[in-house]
Amino acid sequence: MGVTCVCQVPVAEGKSVQQTVDQLHKKLEQLGALKQGSFFVDCETYHATGNATGQPSKLLYVMHNSETPLSCLALYEGGPYLTADANFDVLMVKLKSHFQNAKGHKVESRGARYRYCDFLVKVGTVTMSSSARGISVEVEYCACVVPGDCWNLMKEFMQSFLGSNAPEIPSVFTSKPEGLFAPADCMDTMSQYLELFSKVRKQQVLPGSSVR
């Protein structure tokens with residue numbers, strides 16, 4: 001796994017979510033990127049039950065990524081987190097007396113994967129309750145694991161198809177004690193998706209956004 005940046009791309013003016021996604025696909029293909037299958041990332045939300053302290057319950061997020069089909073990631077609000085095998089979902093069902101699934105809060109991003117030289121690009125439609133809520137773009141530079149060594153190259157590449165929507169360096173890298181020279185890992189990627197999904201939950205439903 002290399003250095004990964006996940007960002008939300010605004011819907012183009014006068015366009016639908018799908019039309020904007022199609023535009024991004026076209027730009028990538030014009031660059032010479034090759035489509036290589038599909039991907040998904042999803043996030044289920046659970047809240048603790050039986051809180052006797054009177055304090056607001058912390059949330060538990062259980063996330064899946066098609067790039068790692070045999071495992072999932074559980075992130076407790078504010079930390080810590082753990083990586084578990086796929087049977088963790090079964091465990092959560094058995095723990096329903098302690099953690100209640102927040103119905104209607106599942107968010108997922110699905111779309112196409114593209115390969116361009118050492119870059120892997122994933123353009124996804126973010127949905128919640130069968131409604132499109134936005135567009136995610138994940139860019140991974142597979143030839144490096146140290147953000148500080150490759151960020152300028154990544155940003156230049158993202159600007160080639162995102163233009164002014166290309167993001168700044170993710171805070172997940174700058175907030176580490178070692179700064180930009182700490183090796184990246186899968187937790188960095190999923191933290192960025194969790195941040196994006198949290199923003200999406202607060203957004204209004206986009207016009208003409210039903211997913212069929």
# chains A, B, ... in the order shown; residues from 1 in each chain; ligands from 1

$ closest_atom_pairs --of "stretch 16-91 of chain A" --to "stretch 117-135 of chain A" --cutoff "8 Å" --atoms "only C-alpha atoms" --output "CSV"
residue,atom,partner,partner_atom,distance
A:Val17,CA,A:Gly134,CA,6.7
A:Gln18,CA,A:Thr125,CA,7.8
A:Val21,CA,A:Val123,CA,7.1
A:Leu24,CA,A:Val123,CA,7.7
A:His25,CA,A:Val123,CA,7.8
A:Ala33,CA,A:Cys117,CA,7.9
A:Phe39,CA,A:Lys122,CA,7.3
A:Phe40,CA,A:Gly124,CA,7.7

$ write_last_selection --atoms "N, CA and C atoms" --output "PDB file, in the first residue's frame"
ATOM      1  N   VAL A  17     -25.053  14.029 -10.156  1.00  0.00           N
ATOM      2  CA  VAL A  17     -23.922  13.284  -9.604  1.00  0.00           C
ATOM      3  C   VAL A  17     -23.329  12.367 -10.669  1.00  0.00           C
ATOM      4  N   GLN A  18     -24.199  11.606 -11.350  1.00  0.00           N
ATOM      5  CA  GLN A  18     -23.703  10.652 -12.341  1.00  0.00           C
ATOM      6  C   GLN A  18     -23.017  11.347 -13.506  1.00  0.00           C
ATOM      7  N   VAL A  21     -19.585  12.305 -12.356  1.00  0.00           N
ATOM      8  CA  VAL A  21     -18.739  11.102 -12.306  1.00  0.00           C
ATOM      9  C   VAL A  21     -18.287  10.721 -13.711  1.00  0.00           C
ATOM     10  N   LEU A  24     -15.453  12.903 -14.851  1.00  0.00           N
ATOM     11  CA  LEU A  24     -14.177  12.519 -14.240  1.00  0.00           C
ATOM     12  C   LEU A  24     -13.605  11.283 -14.922  1.00  0.00           C
ATOM     13  N   HIS A  25     -14.473  10.311 -15.238  1.00  0.00           N
ATOM     14  CA  HIS A  25     -14.018   9.123 -15.967  1.00  0.00           C
ATOM     15  C   HIS A  25     -13.393   9.519 -17.304  1.00  0.00           C
ATOM     16  N   ALA A  33      -5.420   6.756 -18.449  1.00  0.00           N
ATOM     17  CA  ALA A  33      -5.698   5.807 -17.369  1.00  0.00           C
ATOM     18  C   ALA A  33      -6.552   4.657 -17.891  1.00  0.00           C
ATOM     19  N   PHE A  39     -14.774  -0.848  -7.096  1.00  0.00           N
ATOM     20  CA  PHE A  39     -14.409  -0.837  -5.682  1.00  0.00           C
ATOM     21  C   PHE A  39     -15.611  -0.416  -4.847  1.00  0.00           C
ATOM     22  N   PHE A  40     -15.523  -0.665  -3.544  1.00  0.00           N
ATOM     23  CA  PHE A  40     -16.485  -0.076  -2.613  1.00  0.00           C
ATOM     24  C   PHE A  40     -15.825   0.091  -1.259  1.00  0.00           C
TER      25      PHE A  40
END

$ select_by_dssp --residues "stretch 86-142 of chain A" --states "alpha helix (DSSP H)" --output "ChimeraX atom specification"
/A:88-94

$ closest_residue --among "A:Tyr114, A:Ala86, A:Glu168, A:Asn101" --to "A:Lys26" --atoms "only C-alpha atoms"
A:Tyr114

$ atom_distance --atom1 "atom CA of A:Gly79" --atom2 "atom CA of A:Leu59"
10.2 Å

$ select_by_dssp --residues "stretch 58-193 of chain A" --states "strand (DSSP E or B)" --output "JSON, numbers by chain"
{"A": [59, 60, 61, 62, 63, 64, 65, 71, 72, 73, 74, 75, 76, 81, 82, 83, 84, 85, 99, 100, 101, 107, 108, 109, 110, 111, 112, 113, 114, 115, 116, 119, 120, 121, 122, 123, 124, 125, 126, 127, 128, 131, 132, 133, 134, 135, 136, 137, 138, 139, 140, 141]}

$ decode --residues "stretch 7-75 of chain A" --atoms "C-alpha atoms" --output "mmCIF file, in the first residue's frame"
data_model
loop_
_atom_site.group_PDB
_atom_site.id
_atom_site.type_symbol
_atom_site.label_atom_id
_atom_site.label_comp_id
_atom_site.auth_asym_id
_atom_site.auth_seq_id
_atom_site.Cartn_x
_atom_site.Cartn_y
_atom_site.Cartn_z
ATOM 1 C CA CYS A 7 -11.387 13.851 -1.049
ATOM 2 C CA GLN A 8 -14.918 14.913 -1.875
ATOM 3 C CA VAL A 9 -15.489 16.466 -5.284
ATOM 4 C CA PRO A 10 -18.397 18.904 -5.735
ATOM 5 C CA VAL A 11 -21.081 18.179 -8.290
ATOM 6 C CA ALA A 12 -20.509 20.249 -11.440
ATOM 7 C CA GLU A 13 -22.886 23.182 -11.885
ATOM 8 C CA GLY A 14 -25.958 22.157 -13.834
ATOM 9 C CA LYS A 15 -24.954 18.480 -13.731
ATOM 10 C CA SER A 16 -26.158 15.476 -11.766
ATOM 11 C CA VAL A 17 -23.922 13.284 -9.604
ATOM 12 C CA GLN A 18 -23.703 10.652 -12.341
ATOM 13 C CA GLN A 19 -22.920 13.210 -15.049
ATOM 14 C CA THR A 20 -20.094 14.624 -12.916
ATOM 15 C CA VAL A 21 -18.739 11.102 -12.306
ATOM 16 C CA ASP A 22 -18.849 10.447 -16.059
ATOM 17 C CA GLN A 23 -16.885 13.662 -16.656
ATOM 18 C CA LEU A 24 -14.177 12.519 -14.240
ATOM 19 C CA HIS A 25 -14.018 9.123 -15.967
ATOM 20 C CA LYS A 26 -13.584 10.845 -19.309
ATOM 21 C CA LYS A 27 -10.783 13.082 -18.009
ATOM 22 C CA LEU A 28 -8.927 10.094 -16.578
ATOM 23 C CA GLU A 29 -9.283 8.138 -19.814
ATOM 24 C CA GLN A 30 -8.011 11.132 -21.791
ATOM 25 C CA LEU A 31 -4.908 11.098 -19.589
ATOM 26 C CA GLY A 32 -4.387 7.461 -20.540
ATOM 27 C CA ALA A 33 -5.698 5.807 -17.369
ATOM 28 C CA LEU A 34 -7.015 2.272 -17.783
ATOM 29 C CA LYS A 35 -10.155 1.070 -16.041
ATOM 30 C CA GLN A 36 -9.451 -1.902 -13.751
ATOM 31 C CA GLY A 37 -12.670 -3.151 -12.199
ATOM 32 C CA SER A 38 -14.679 -1.593 -9.396
ATOM 33 C CA PHE A 39 -14.409 -0.837 -5.682
ATOM 34 C CA PHE A 40 -16.485 -0.076 -2.613
ATOM 35 C CA VAL A 41 -15.950 1.314 0.872
ATOM 36 C CA ASP A 42 -18.773 1.267 3.414
ATOM 37 C CA CYS A 43 -19.364 2.348 6.988
ATOM 38 C CA GLU A 44 -21.898 1.079 9.541
ATOM 39 C CA THR A 45 -22.542 3.147 12.672
ATOM 40 C CA TYR A 46 -23.257 1.689 16.114
ATOM 41 C CA HIS A 47 -23.983 3.471 19.367
ATOM 42 C CA ALA A 48 -23.379 2.071 22.835
ATOM 43 C CA THR A 49 -26.485 1.126 24.835
ATOM 44 C CA GLY A 50 -27.080 1.174 28.575
ATOM 45 C CA ASN A 51 -24.848 4.170 29.297
ATOM 46 C CA ALA A 52 -25.164 4.629 33.085
ATOM 47 C CA THR A 53 -22.905 7.699 33.365
ATOM 48 C CA GLY A 54 -25.287 10.108 31.712
ATOM 49 C CA GLN A 55 -22.581 11.094 29.239
ATOM 50 C CA PRO A 56 -23.336 11.022 25.477
ATOM 51 C CA SER A 57 -22.613 7.585 24.039
ATOM 52 C CA LYS A 58 -19.567 7.269 21.853
ATOM 53 C CA LEU A 59 -20.069 5.867 18.380
ATOM 54 C CA LEU A 60 -18.413 2.800 16.911
ATOM 55 C CA TYR A 61 -17.800 2.724 13.160
ATOM 56 C CA VAL A 62 -17.313 -0.581 11.351
ATOM 57 C CA MET A 63 -15.845 -0.120 7.872
ATOM 58 C CA HIS A 64 -15.161 -2.413 4.914
ATOM 59 C CA ASN A 65 -12.931 -1.893 1.885
ATOM 60 C CA SER A 66 -13.016 -4.070 -1.237
ATOM 61 C CA GLU A 67 -9.230 -3.807 -1.416
ATOM 62 C CA THR A 68 -9.048 -5.852 1.809
ATOM 63 C CA PRO A 69 -12.023 -8.242 1.481
ATOM 64 C CA LEU A 70 -11.015 -10.575 4.331
ATOM 65 C CA SER A 71 -10.848 -7.880 6.990
ATOM 66 C CA CYS A 72 -12.717 -4.892 8.362
ATOM 67 C CA LEU A 73 -11.817 -1.908 10.482
ATOM 68 C CA ALA A 74 -13.549 -0.888 13.705
ATOM 69 C CA LEU A 75 -12.989 2.704 14.832
#
